[in-house]
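A.B. asks: I'm passing along protein.cif; it holds mmCIF, C-alpha atoms.
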```
data_my_file
loop_
_atom_site.label_atom_id
_atom_site.label_comp_id
_atom_site.auth_asym_id
_atom_site.auth_seq_id
_atom_site.Cartn_x
_atom_site.Cartn_y
_atom_site.Cartn_z
CA MET A 1 19.80 -40.39 24.70
CA LEU A 2 19.22 -40.96 28.40
CA ASP A 3 17.03 -43.68 29.81
CA LEU A 4 15.56 -43.77 33.29
CA ASN A 5 17.28 -46.23 35.60
CA PRO A 6 15.07 -49.14 36.61
CA ARG A 7 13.27 -49.13 39.91
CA ASP A 8 15.65 -50.68 42.43
CA TRP A 9 13.41 -53.48 43.63
CA SER A 10 15.87 -54.34 46.42
CA SER A 11 15.00 -50.95 47.93
CA GLN A 12 11.25 -51.41 47.72
CA PRO A 13 8.65 -53.23 49.81
CA ALA A 14 6.82 -56.26 48.45
CA TYR A 15 3.19 -55.66 47.51
CA ILE A 16 1.99 -58.30 49.96
CA ASP A 17 3.52 -57.97 53.44
CA SER A 18 2.49 -60.43 56.13
CA GLY A 19 3.00 -57.85 58.90
CA TYR A 20 0.81 -55.16 57.30
CA ARG A 21 -2.63 -56.73 57.15
CA SER A 22 -4.33 -54.47 54.60
CA THR A 23 -1.83 -55.50 51.92
CA ALA A 24 -3.30 -59.01 51.76
CA LEU A 25 -6.29 -58.03 49.61
CA ARG A 26 -4.89 -54.89 48.02
CA GLY A 27 -1.43 -55.66 46.65
CA PRO A 28 -1.30 -56.95 43.06
CA THR A 29 -0.56 -60.67 42.96
CA ARG A 30 0.48 -61.13 39.33
CA PRO A 31 3.90 -60.12 38.07
CA LEU A 32 4.13 -56.56 36.76
CA ILE A 33 4.61 -56.33 33.02
CA PRO A 34 7.91 -54.60 32.33
CA LEU A 35 8.04 -51.86 29.70
CA LYS A 36 11.28 -51.21 27.86
CA PRO A 37 12.74 -47.77 28.58
CA ALA A 38 11.71 -46.52 25.14
CA LEU A 39 8.07 -47.33 25.90
CA ALA A 40 8.20 -46.12 29.50
CA ALA A 41 10.01 -42.82 28.90
CA LEU A 42 7.66 -39.93 29.49
CA ASP A 43 8.14 -36.55 31.10
CA GLY A 44 5.77 -36.04 34.02
CA PRO A 45 3.43 -33.19 34.86
CA VAL A 46 4.95 -29.76 35.46
CA PHE A 47 3.80 -27.56 38.32
CA GLY A 48 4.18 -23.80 38.50
CA HIS A 49 4.81 -21.40 41.37
CA GLU A 50 1.39 -19.87 40.79
CA MET A 51 -0.13 -23.10 42.15
CA ILE A 52 1.58 -22.73 45.53
CA GLY A 53 -0.01 -20.42 48.11
CA ALA A 54 2.11 -18.12 50.28
CA LEU A 55 1.54 -20.22 53.43
CA ASP A 56 1.47 -23.66 51.79
CA GLY A 57 4.94 -24.50 53.14
CA ASP A 58 4.23 -23.21 56.65
CA LEU A 59 1.97 -25.63 58.49
CA THR A 60 2.32 -23.63 61.69
CA ARG A 61 0.35 -20.82 60.02
CA ASN A 62 -1.77 -22.27 57.20
CA GLY A 63 -4.38 -23.69 59.57
CA GLN A 64 -4.55 -20.92 62.16
CA ARG A 65 -8.00 -19.86 63.38
CA ASN A 66 -7.43 -18.10 66.69
CA GLY A 67 -3.79 -18.64 67.62
CA ALA A 68 -0.71 -20.76 67.09
CA PRO A 69 -0.92 -24.58 66.95
CA LEU A 70 0.24 -26.61 69.93
CA GLY A 71 3.35 -28.75 69.83
CA GLU A 72 7.03 -28.55 69.03
CA ARG A 73 7.80 -26.34 66.03
CA ILE A 74 10.13 -28.11 63.60
CA ILE A 75 11.83 -27.29 60.32
CA VAL A 76 11.88 -30.15 57.84
CA THR A 77 14.20 -29.57 54.92
CA GLY A 78 16.32 -31.52 52.48
CA ARG A 79 17.15 -32.04 48.85
CA LEU A 80 15.42 -33.95 46.12
CA LEU A 81 18.19 -35.74 44.24
CA ASP A 82 18.61 -38.49 41.71
CA GLU A 83 20.89 -41.46 42.26
CA ASP A 84 23.84 -39.59 40.77
CA LYS A 85 23.39 -36.76 43.28
CA ARG A 86 21.94 -34.44 40.68
CA PRO A 87 19.34 -32.09 42.15
CA VAL A 88 15.76 -32.24 40.87
CA PRO A 89 14.57 -28.61 40.69
CA GLY A 90 10.99 -27.38 40.32
CA ALA A 91 9.48 -30.61 41.65
CA LEU A 92 6.23 -30.64 43.59
CA ILE A 93 6.43 -32.01 47.14
CA GLU A 94 3.20 -32.42 49.11
CA ILE A 95 3.06 -33.45 52.77
CA TRP A 96 0.37 -34.37 55.26
CA GLN A 97 0.62 -35.38 58.89
CA ALA A 98 -1.08 -35.78 62.28
CA ASN A 99 -1.06 -32.96 64.82
CA ALA A 100 1.09 -32.93 67.97
CA ALA A 101 -1.43 -35.17 69.75
CA GLY A 102 -1.36 -37.81 67.02
CA ARG A 103 -4.71 -36.88 65.48
CA TYR A 104 -5.36 -36.24 61.80
CA ILE A 105 -7.92 -33.66 60.74
CA HIS A 106 -9.26 -36.37 58.37
CA LYS A 107 -12.95 -37.14 59.02
CA VAL A 108 -12.26 -40.88 59.22
CA ASP A 109 -9.68 -40.57 62.03
CA GLN A 110 -11.49 -41.65 65.20
CA HIS A 111 -8.49 -41.65 67.57
CA PRO A 112 -9.73 -39.97 70.78
CA ALA A 113 -6.95 -37.40 70.88
CA PRO A 114 -7.79 -33.71 70.48
CA LEU A 115 -7.95 -31.91 67.17
CA ASP A 116 -6.05 -28.65 67.18
CA PRO A 117 -8.24 -25.83 65.83
CA ASN A 118 -5.09 -24.10 64.65
CA PHE A 119 -3.45 -26.98 62.82
CA PHE A 120 -4.50 -28.37 59.46
CA GLY A 121 -1.58 -30.68 58.68
CA GLY A 122 -1.27 -30.38 54.90
CA GLY A 123 1.36 -28.46 52.94
CA ARG A 124 3.28 -28.30 49.68
CA CYS A 125 6.15 -26.58 47.94
CA LEU A 126 8.32 -26.70 44.86
CA THR A 127 12.00 -27.58 45.07
CA ASP A 128 14.38 -24.73 44.25
CA SER A 129 17.15 -24.70 41.64
CA GLU A 130 19.32 -26.90 43.89
CA GLY A 131 16.51 -29.35 44.59
CA ARG A 132 15.93 -27.99 48.10
CA TYR A 133 12.60 -27.91 49.88
CA ARG A 134 11.68 -26.58 53.32
CA PHE A 135 8.62 -26.88 55.53
CA LEU A 136 7.91 -25.31 58.91
CA THR A 137 5.54 -27.50 60.88
CA ILE A 138 4.72 -29.14 64.21
CA LYS A 139 6.23 -32.45 65.23
CA PRO A 140 3.51 -35.06 64.62
CA GLY A 141 2.45 -37.33 67.49
CA ALA A 142 2.30 -41.13 67.46
CA TYR A 143 -1.13 -42.74 67.23
CA PRO A 144 -2.69 -46.18 67.56
CA TRP A 145 -4.06 -48.15 64.61
CA GLY A 146 -5.91 -51.43 64.20
CA ASN A 147 -3.31 -53.56 62.46
CA HIS A 148 -2.53 -55.74 65.48
CA PRO A 149 -2.95 -55.52 69.28
CA ASN A 150 -1.36 -52.41 70.78
CA ALA A 151 -0.20 -51.19 67.38
CA TRP A 152 1.14 -47.61 67.21
CA ARG A 153 2.45 -45.69 64.23
CA PRO A 154 5.78 -43.97 64.87
CA ASN A 155 5.90 -40.20 64.41
CA HIS A 156 5.91 -39.61 60.67
CA ILE A 157 5.17 -37.16 57.89
CA HIS A 158 3.72 -38.39 54.57
CA PHE A 159 5.53 -37.19 51.44
CA SER A 160 4.24 -37.19 47.86
CA VAL A 161 6.90 -36.37 45.26
CA PHE A 162 6.98 -35.87 41.49
CA GLY A 163 10.28 -36.11 39.66
CA ARG A 164 10.95 -35.16 36.06
CA GLN A 165 9.48 -38.29 34.58
CA PHE A 166 6.09 -39.90 35.04
CA ALA A 167 7.79 -43.06 36.35
CA THR A 168 9.75 -41.29 39.09
CA ARG A 169 6.57 -40.69 41.11
CA LEU A 170 7.20 -41.48 44.79
CA VAL A 171 5.01 -41.57 47.88
CA THR A 172 6.85 -42.25 51.11
CA GLN A 173 6.91 -41.42 54.81
CA MET A 174 9.57 -39.56 56.77
CA TYR A 175 10.38 -40.77 60.26
CA PHE A 176 12.31 -39.26 63.18
CA PRO A 177 15.65 -40.45 64.54
CA GLY A 178 15.63 -42.55 67.68
CA ASP A 179 11.90 -43.32 67.63
CA PRO A 180 11.40 -46.52 69.69
CA LEU A 181 8.23 -47.36 67.74
CA LEU A 182 10.16 -47.92 64.50
CA THR A 183 11.12 -51.39 65.69
CA PHE A 184 7.48 -52.44 65.90
CA ASP A 185 5.96 -50.69 62.88
CA PRO A 186 5.05 -53.04 60.01
CA ILE A 187 4.82 -50.20 57.48
CA TYR A 188 8.34 -48.94 58.20
CA ASN A 189 9.58 -52.52 58.38
CA SER A 190 7.98 -53.46 55.05
CA SER A 191 11.09 -51.97 53.45
CA PRO A 192 14.17 -54.18 53.30
CA GLU A 193 16.23 -53.91 56.48
CA ASN A 194 19.30 -52.35 54.89
CA VAL A 195 17.37 -49.48 53.28
CA ARG A 196 14.84 -48.52 55.97
CA THR A 197 17.04 -45.87 57.49
CA ARG A 198 16.81 -43.88 54.22
CA MET A 199 13.34 -42.90 55.46
CA VAL A 200 14.61 -41.62 58.82
CA SER A 201 15.43 -37.91 58.97
CA SER A 202 18.48 -36.63 60.86
CA PHE A 203 18.44 -34.01 63.52
CA SER A 204 20.51 -30.98 62.51
CA LEU A 205 21.70 -28.26 64.85
CA ASP A 206 22.65 -26.22 61.77
CA VAL A 207 19.06 -26.24 60.53
CA THR A 208 17.71 -25.64 64.04
CA GLU A 209 16.81 -21.99 64.56
CA GLU A 210 17.84 -20.67 67.94
CA GLY A 211 14.94 -20.03 70.27
CA PHE A 212 12.41 -21.04 67.59
CA ALA A 213 12.37 -24.51 66.01
CA LEU A 214 14.28 -27.80 65.87
CA GLY A 215 15.70 -28.78 62.48
CA PHE A 216 15.43 -32.13 60.69
CA VAL A 217 17.00 -33.04 57.35
CA PHE A 218 15.39 -35.54 54.99
CA ASP A 219 16.93 -36.04 51.54
CA ILE A 220 14.85 -37.92 48.98
CA VAL A 221 16.46 -39.93 46.19
CA LEU A 222 14.64 -40.69 42.93
CA ARG A 223 15.70 -42.93 40.08
CA GLY A 224 18.44 -41.47 37.90
CA THR A 225 19.28 -41.81 34.23
CA HIS A 226 21.90 -43.61 32.19
CA SER A 227 22.96 -43.68 28.54
CA SER A 228 20.60 -45.84 26.60
CA VAL A 229 21.93 -49.12 25.30
CA TRP A 230 21.74 -49.44 21.53
CA GLU A 231 19.02 -51.87 20.61
CA LYS A 232 18.50 -53.38 17.19
CA ALA A 233 15.10 -52.56 15.79
CA MET B 1 25.11 -51.13 35.70
CA SER B 2 27.41 -50.23 38.53
CA THR B 3 25.80 -48.85 41.62
CA ARG B 4 29.13 -47.74 43.09
CA GLY B 5 29.04 -44.17 44.27
CA LYS B 6 25.33 -43.89 43.69
CA LEU B 7 22.77 -42.81 46.24
CA GLY B 8 20.18 -45.41 47.18
CA GLN B 9 16.61 -44.89 45.99
CA THR B 10 14.18 -43.83 48.71
CA PRO B 11 11.76 -46.67 49.51
CA SER B 12 8.07 -46.24 48.79
CA GLN B 13 5.46 -46.33 51.55
CA THR B 14 1.69 -46.50 51.46
CA VAL B 15 -0.29 -43.29 50.98
CA GLY B 16 -2.27 -44.44 54.04
CA PRO B 17 -5.92 -43.71 54.86
CA TYR B 18 -5.59 -39.98 55.52
CA PHE B 19 -4.25 -38.47 52.29
CA ALA B 20 -7.56 -36.81 51.37
CA TYR B 21 -7.15 -33.48 53.14
CA GLY B 22 -3.60 -33.06 51.86
CA LEU B 23 -3.82 -34.33 48.28
CA THR B 24 -7.50 -34.03 47.28
CA PRO B 25 -8.82 -31.48 49.80
CA GLN B 26 -11.52 -29.71 47.78
CA GLN B 27 -13.10 -32.96 46.69
CA TYR B 28 -13.70 -33.93 50.32
CA GLY B 29 -14.67 -30.46 51.52
CA TYR B 30 -11.52 -29.47 53.39
CA ASP B 31 -10.52 -25.82 53.60
CA PHE B 32 -7.39 -26.09 51.45
CA ALA B 33 -7.15 -25.47 47.70
CA SER B 34 -6.57 -28.51 45.50
CA ILE B 35 -3.80 -28.06 42.98
CA VAL B 36 -5.30 -30.77 40.79
CA THR B 37 -8.85 -32.10 40.50
CA PRO B 38 -10.77 -34.75 38.52
CA CYS B 39 -12.01 -32.04 36.15
CA MET B 40 -9.06 -31.92 33.80
CA ALA B 41 -10.55 -30.13 30.80
CA GLY B 42 -12.84 -27.11 30.82
CA PRO B 43 -15.08 -26.38 27.83
CA GLU B 44 -12.35 -24.22 26.26
CA VAL B 45 -10.01 -27.20 25.82
CA GLU B 46 -10.00 -28.55 22.28
CA GLY B 47 -10.77 -32.19 21.70
CA THR B 48 -13.48 -34.77 22.29
CA HIS B 49 -14.69 -34.28 25.84
CA ILE B 50 -15.18 -37.54 27.69
CA HIS B 51 -16.23 -38.74 31.15
CA ILE B 52 -14.43 -41.74 32.60
CA ALA B 53 -15.88 -43.38 35.70
CA GLY B 54 -15.11 -46.58 37.54
CA CYS B 55 -14.58 -48.34 40.83
CA VAL B 56 -11.57 -49.76 42.63
CA PHE B 57 -12.05 -53.28 44.02
CA ASP B 58 -9.91 -55.30 46.42
CA GLY B 59 -9.20 -59.02 46.32
CA ALA B 60 -12.52 -59.80 48.02
CA ALA B 61 -14.33 -57.79 45.30
CA LYS B 62 -15.17 -55.12 47.87
CA PRO B 63 -15.00 -51.48 46.82
CA VAL B 64 -11.95 -49.59 48.07
CA ASN B 65 -13.16 -46.31 49.55
CA ASP B 66 -9.73 -44.83 50.29
CA ALA B 67 -7.86 -45.11 47.01
CA MET B 68 -6.45 -42.26 44.95
CA ILE B 69 -6.13 -42.34 41.18
CA GLU B 70 -3.93 -40.02 39.12
CA LEU B 71 -4.14 -39.62 35.35
CA TRP B 72 -1.49 -38.17 33.04
CA GLN B 73 -2.26 -37.85 29.36
CA ALA B 74 -1.57 -36.18 26.06
CA ASP B 75 -3.82 -33.52 24.57
CA ALA B 76 -6.01 -34.10 21.52
CA THR B 77 -3.00 -33.71 19.22
CA GLY B 78 -0.97 -36.33 21.08
CA ARG B 79 1.36 -33.90 22.82
CA TYR B 80 1.90 -33.84 26.56
CA PRO B 81 1.35 -30.51 28.35
CA GLY B 82 4.63 -28.92 29.37
CA THR B 83 6.13 -29.58 25.95
CA ASP B 84 7.00 -26.40 24.07
CA GLY B 85 4.13 -24.94 22.14
CA VAL B 86 1.41 -26.97 23.79
CA ASN B 87 -1.73 -25.09 24.81
CA ASN B 88 -1.44 -24.77 28.56
CA ARG B 89 -5.18 -24.55 29.19
CA PHE B 90 -5.09 -28.34 29.37
CA THR B 91 -2.82 -29.57 32.15
CA GLY B 92 -3.16 -33.27 31.27
CA PHE B 93 -2.97 -34.19 34.93
CA GLY B 94 -5.90 -35.26 37.10
CA ARG B 95 -6.40 -36.71 40.54
CA CYS B 96 -9.44 -38.24 42.22
CA GLY B 97 -9.95 -39.99 45.53
CA THR B 98 -12.55 -42.76 45.66
CA ASN B 99 -15.90 -42.24 47.36
CA ALA B 100 -17.69 -44.47 49.88
CA ASP B 101 -18.62 -46.87 47.05
CA GLY B 102 -15.07 -47.07 45.69
CA GLY B 103 -16.00 -44.84 42.79
CA PHE B 104 -13.90 -42.29 40.93
CA PHE B 105 -14.44 -40.17 37.82
CA PHE B 106 -12.56 -37.86 35.49
CA ASP B 107 -13.80 -35.25 33.04
CA THR B 108 -11.17 -34.94 30.37
CA ILE B 109 -10.59 -35.18 26.63
CA LYS B 110 -9.70 -38.18 24.57
CA PRO B 111 -5.93 -38.14 24.08
CA GLY B 112 -4.33 -38.09 20.66
CA ILE B 113 -1.43 -40.37 19.84
CA ALA B 114 2.20 -39.41 20.35
CA ARG B 115 3.67 -42.14 18.16
CA PRO B 116 2.13 -43.62 15.01
CA ASP B 117 1.98 -47.18 16.35
CA ASP B 118 0.31 -46.21 19.62
CA ALA B 119 -3.35 -46.50 20.36
CA PRO B 120 -4.70 -43.58 22.39
CA PHE B 121 -4.18 -44.20 26.10
CA ILE B 122 -4.00 -42.49 29.48
CA ASN B 123 -1.30 -43.20 32.08
CA VAL B 124 -2.74 -44.17 35.47
CA THR B 125 -1.19 -44.27 38.94
CA VAL B 126 -3.08 -46.12 41.68
CA MET B 127 -2.48 -45.52 45.40
CA MET B 128 -4.32 -46.63 48.52
CA ARG B 129 -4.02 -47.71 52.12
CA GLY B 130 -2.55 -51.20 52.04
CA LEU B 131 -0.62 -50.58 48.83
CA LEU B 132 3.03 -50.10 49.78
CA LEU B 133 4.13 -49.11 46.30
CA HIS B 134 1.84 -47.29 43.85
CA ALA B 135 0.78 -49.32 40.82
CA PHE B 136 1.02 -48.07 37.22
CA THR B 137 -1.59 -49.02 34.65
CA ARG B 138 -3.11 -47.56 31.47
CA ILE B 139 -6.57 -46.75 30.16
CA TYR B 140 -7.20 -47.70 26.53
CA PHE B 141 -10.55 -47.22 24.77
CA SER B 142 -12.99 -49.89 23.54
CA ASP B 143 -13.94 -47.81 20.48
CA GLU B 144 -10.35 -47.94 19.20
CA VAL B 145 -10.31 -51.60 18.16
CA LYS B 146 -8.10 -51.06 15.14
CA ALA B 147 -5.53 -48.91 16.94
CA ASN B 148 -5.50 -51.19 19.99
CA ALA B 149 -4.62 -54.12 17.72
CA HIS B 150 -1.19 -52.63 16.89
CA ASP B 151 -0.34 -50.85 20.14
CA PRO B 152 3.15 -51.99 21.28
CA VAL B 153 2.29 -52.03 24.99
CA LEU B 154 -0.99 -53.91 24.62
CA ALA B 155 0.97 -56.42 22.55
CA LEU B 156 3.10 -57.20 25.63
CA VAL B 157 0.01 -58.12 27.63
CA PRO B 158 -1.33 -61.69 27.42
CA ALA B 159 -4.43 -61.57 25.23
CA GLY B 160 -6.68 -62.82 28.02
CA ARG B 161 -5.78 -59.90 30.28
CA ARG B 162 -5.93 -57.03 27.77
CA SER B 163 -9.57 -56.30 28.53
CA THR B 164 -8.55 -55.13 32.02
CA LEU B 165 -6.88 -52.12 30.34
CA ILE B 166 -9.73 -51.16 28.03
CA ALA B 167 -12.36 -48.67 29.13
CA ASP B 168 -15.84 -49.59 27.95
CA HIS B 169 -17.49 -46.96 25.75
CA HIS B 170 -21.05 -47.47 26.99
CA ALA B 171 -22.68 -44.20 25.95
CA ALA B 172 -21.76 -41.16 23.91
CA GLY B 173 -18.70 -39.59 25.52
CA LYS B 174 -18.83 -41.96 28.51
CA TYR B 175 -16.42 -44.70 29.46
CA ARG B 176 -16.34 -47.22 32.30
CA PHE B 177 -12.96 -48.32 33.71
CA ASP B 178 -12.81 -50.47 36.85
CA ILE B 179 -9.60 -51.34 38.66
CA HIS B 180 -9.30 -54.77 40.29
CA MET B 181 -6.30 -55.09 42.59
CA GLN B 182 -6.55 -58.90 42.67
CA GLY B 183 -8.76 -61.77 41.54
CA PRO B 184 -9.64 -63.24 38.15
CA GLN B 185 -10.05 -59.74 36.70
CA GLU B 186 -6.84 -58.38 38.28
CA THR B 187 -5.88 -55.26 36.35
CA VAL B 188 -2.61 -55.40 34.45
CA PHE B 189 0.02 -53.27 36.19
CA PHE B 190 3.29 -52.22 34.61
CA ASP B 191 6.87 -51.95 35.79
CA LEU B 192 8.02 -48.68 34.23
#
```
Show me, as structure tokens, the structure contained in the file I just sent.
C.D. replies:
Amino acid sequence: MLDLNPRDWSSQPAYIDSGYRSTALRGPTRPLIPLKPALAALDGPVFGHEMIGALDGDLTRNGQRNGAPLGERIIVTGRLLDEDKRPVPGALIEIWQANAAGRYIHKVDQHPAPLDPNFFGGGRCLTDSEGRYRFLTIKPGAYPWGNHPNAWRPNHIHFSVFGRQFATRLVTQMYFPGDPLLTFDPIYNSSPENVRTRMVSSFSLDVTEEGFALGFVFDIVLRGTHSSVWEKA
Amino acid sequence: MSTRGKLGQTPSQTVGPYFAYGLTPQQYGYDFASIVTPCMAGPEVEGTHIHIAGCVFDGAAKPVNDAMIELWQADATGRYPGTDGVNNRFTGFGRCGTNADGGFFFDTIKPGIARPDDAPFINVTVMMRGLLLHAFTRIYFSDEVKANAHDPVLALVPAGRRSTLIADHHAAGKYRFDIHMQGPQETVFFDL
């Protein structure tokens, strides 16, 4: 019998973060109630290839109206793994992001940067038998937000991930190496200092396609499993 | 447990304010197919069809208009979709973003029980701008008083807070389930 490893709380942000203002009224304040592995164990939803459209993983094409989107084409790829480096195949990964000018297509985004009629910004795919995923997209721009004076979000892509179990659900953000805004971003910095860089992709010349698109690698690590400890009834 | 040689878990981040067009596009009228919606069970799915509606509130008791709720539940026989032999017309998985008034709804079926001691329940994941790590909770049902009394998870919850997990059966086939992130009615959240 295998039990899911606990969430590594030393790798996770606190619910209330003094730098990120919106957490003050939205993060739970009472301690979470822990469930023993036997009560928490539950396989999660399963997604099939029939749910994924042919262009869902290609954000440079899935929003085209009258031409190609503006911006730097990039390939974002990596592996979905558990803590013991075992691949997680067949997992749904969904992404959403701003366009090259730092503007989301979302109706609420009021940043006065141009929308791109040929860029939607949402995509999804399933990991393959080795846990690999791959998106072709446009490098997202930085944009201002209202958290504090002169606040700017670093370039990032939002990731939503399902693992095998219900409890391995993960929503995170992928950042880009060398971004000077990372130092000032309260959302990035809400994660403990020694683990933040796990959210920063690496540039890869191997993934880069000559004459076409720059390559970035972002591996995602979910909780693993361990042999269950015998418990007396 | 030794962590030597293990990879570190990827940290969670907030879903942010702009998930709607990527994760719940049809609901908000974006030109992108949703792979999951709040309508979890069509008329062909066996079981008692129910409608669950509620609101998400922040610590100032204001509705949260940019939250996303996911449900994951067993079918009417207590088996989770994806298990061998389970009728795949019911996916068991639903997703709904909140509206301008903080409201969400799901059309589904009442779940059966997987284990004899359990009361029927639905697994819930809560995400929103300002929530750095999603929160797990459960929906139980107010018309299951007897079963709720012996449920092993409800038993872990202090008696005074159990009502935050119980959807109110206020009309035939209709339940109300509000989520309070903070305050005197703060919903019970679990560490799974």
A.B. asks: Quick one: apply the PyMOL selection byres ((chain A) within 7 of (chain B)) to the file and drop the selected residues here as a PyMOL selection string.
C.D. replies: chain A and resi 8+11-13+15+22-23+25-29+32-35+40+45-46+51+83-85+95-96+106+122-123+167+170-173+191+198-199+220-223
A.B. asks: Do you have the atom CA of Cys55 of chain B-atom CA of Phe177 of chain B distance handy?
C.D. replies: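 Straight-line distance from atom CA of Cys55 of chain B to atom CA of Phe177 of chain B works out to 7.3 Å.
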A.B. asks: Pick out the residues sitting within 12 Å of Ile52 of chain A, and hand them over as number ranges by chain; count all atoms listed in the file, and ignore anything fewer than 4 positions along from it in its own chain.
C.D. replies: A: 47-48, 56-58, 90-94, 123-127; B: 32-36
A.B. asks: Selection in question (the file shown): the PyMOL selection byres ((chain A and resi 204-213) around 9). Which residues does it include, as a list in words?
C.D. replies: Glu72, Arg73, Ile74, Ile75, Val76, Thr77, Leu136, Ser202, Phe203, Leu214, Gly215, Phe216 and Val217 of chain A
A.B. asks: Determine the residue set returned by the PyMOL selection byres ((chain A and resi 154) around 9) for the present structure, and present it as a PyMOL selection string.
C.D. replies: chain A and resi 141-143+152-153+155-156+175-176+179-182+184-185+188
A.B. asks: Can I get the selected residues back with C-alpha atoms, as a CSV table (one decimal), keeping the file's coordinate frame?
C.D. replies:
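The new file out.csv reads:
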```csv
chain,number,residue,atom,x,y,z
A,141,GLY,CA,2.4,-37.3,67.5
A,142,ALA,CA,2.3,-41.1,67.5
A,143,TYR,CA,-1.1,-42.7,67.2
A,152,TRP,CA,1.1,-47.6,67.2
A,153,ARG,CA,2.4,-45.7,64.2
A,155,ASN,CA,5.9,-40.2,64.4
A,156,HIS,CA,5.9,-39.6,60.7
A,175,TYR,CA,10.4,-40.8,60.3
A,176,PHE,CA,12.3,-39.3,63.2
A,179,ASP,CA,11.9,-43.3,67.6
A,180,PRO,CA,11.4,-46.5,69.7
A,181,LEU,CA,8.2,-47.4,67.7
A,182,LEU,CA,10.2,-47.9,64.5
A,184,PHE,CA,7.5,-52.4,65.9
A,185,ASP,CA,6.0,-50.7,62.9
A,188,TYR,CA,8.3,-48.9,58.2
```
A.B. asks: So the first atom is atom CA of Pro6 of chain A and the second is atom CA of Thr225 of chain A; what is the distance between them in Å, to one decimal place?
C.D. replies: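 We find that atom CA of Pro6 of chain A and atom CA of Thr225 of chain A lie 8.8 Å from each other.
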A.B. asks: So what do you get for atom CA of Pro114 of chain A versus atom CA of Ala101 of chain A, distance-wise?
C.D. replies: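 Distance between the two atoms: 6.6 Å.
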A.B. asks: Can you pull out every residue within 7 Å of Asn65 of chain B, counting only C-alpha atoms, but drop anything in the same chain fewer than 3 positions away, and send it as a list of chain:residue names?
C.D. replies: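 Neighbouring residues, sequence-local ones excluded: B:Thr98, B:Asn99, B:Ala100, B:Asp101, B:Gly102.
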A.B. asks: With a distance cut-off of 9 Å and all atoms listed in the file, select the neighbouring residues of Asp118 of chain B, excluding the residue or stretch itself and same-chain residues fewer than 4 positions from it, and output the selection as a ChimeraX atom specification.
C.D. replies: /B:113-114,147-148,150-153
A.B. asks: Using only C-alpha atoms, can you tell me which of B:Gly42, B:Gly103, B:Gly173, B:Gly112 comes closest to Ala67 of chain B?
C.D. replies: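 The shortest atom-to-atom distance to Ala67 of chain B comes from B:Gly103.
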A.B. asks: Taking into account only C-alpha atoms, which residue in the set B:Lys146, B:Arg95, B:Arg161, B:His51 is nearest to Pro184 of chain B?
C.D. replies: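 Selected residue with least distance to Pro184 of chain B: B:Arg161.
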A.B. asks: When you count only C-alpha atoms, which of these residues is closest to Pro177 of chain A: A:Gly102, A:Pro69, A:Phe218, A:Leu42?
C.D. replies: A:Phe218
A.B. asks: Considering only C-alpha atoms, can you say which of A:Arg7, A:Arg21, A:Arg134, A:Arg79 comes closest to Ser190 of chain A?
C.D. replies: A:Arg21
A.B. asks: Rank nothing, just name the residue among A:Gly163, A:Gly121, A:Gly178, A:Gly146 nearest to Gln64 of chain A, using all atoms listed in the file.
C.D. replies: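 With all atoms listed in the file as the atom set, the closest residue is A:Gly121.
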A.B. asks: If I put a ball of radius 12 Å at (-3.4, -35.6, 67.2) in the file's coordinates, which residues poke into it when counting all atoms listed in the file, written as a PyMOL selection string?
C.D. replies: chain A and resi 69-71+97-106+109-121+138-144+155
A.B. asks: How would the residues just picked look written out with C-alpha atoms as a short mmCIF file (atom, residue, chain, number, x, y, z; two decimals), in the coordinates of the input?
C.D. replies:
```cif
data_model
loop_
_atom_site.label_atom_id
_atom_site.label_comp_id
_atom_site.auth_asym_id
_atom_site.auth_seq_id
_atom_site.Cartn_x
_atom_site.Cartn_y
_atom_site.Cartn_z
CA PRO A 69 -0.92 -24.58 66.95
CA LEU A 70 0.24 -26.61 69.93
CA GLY A 71 3.35 -28.75 69.83
CA GLN A 97 0.62 -35.38 58.89
CA ALA A 98 -1.08 -35.78 62.28
CA ASN A 99 -1.06 -32.96 64.82
CA ALA A 100 1.09 -32.93 67.97
CA ALA A 101 -1.43 -35.17 69.75
CA GLY A 102 -1.36 -37.81 67.02
CA ARG A 103 -4.71 -36.88 65.48
CA TYR A 104 -5.36 -36.24 61.80
CA ILE A 105 -7.92 -33.66 60.74
CA HIS A 106 -9.26 -36.37 58.37
CA ASP A 109 -9.68 -40.57 62.03
CA GLN A 110 -11.49 -41.65 65.20
CA HIS A 111 -8.49 -41.65 67.57
CA PRO A 112 -9.73 -39.97 70.78
CA ALA A 113 -6.95 -37.40 70.88
CA PRO A 114 -7.79 -33.71 70.48
CA LEU A 115 -7.95 -31.91 67.17
CA ASP A 116 -6.05 -28.65 67.18
CA PRO A 117 -8.24 -25.83 65.83
CA ASN A 118 -5.09 -24.10 64.65
CA PHE A 119 -3.45 -26.98 62.82
CA PHE A 120 -4.50 -28.37 59.46
CA GLY A 121 -1.58 -30.68 58.68
CA ILE A 138 4.72 -29.14 64.21
CA LYS A 139 6.23 -32.45 65.23
CA PRO A 140 3.51 -35.06 64.62
CA GLY A 141 2.45 -37.33 67.49
CA ALA A 142 2.30 -41.13 67.46
CA TYR A 143 -1.13 -42.74 67.23
CA PRO A 144 -2.69 -46.18 67.56
CA ASN A 155 5.90 -40.20 64.41
#
```
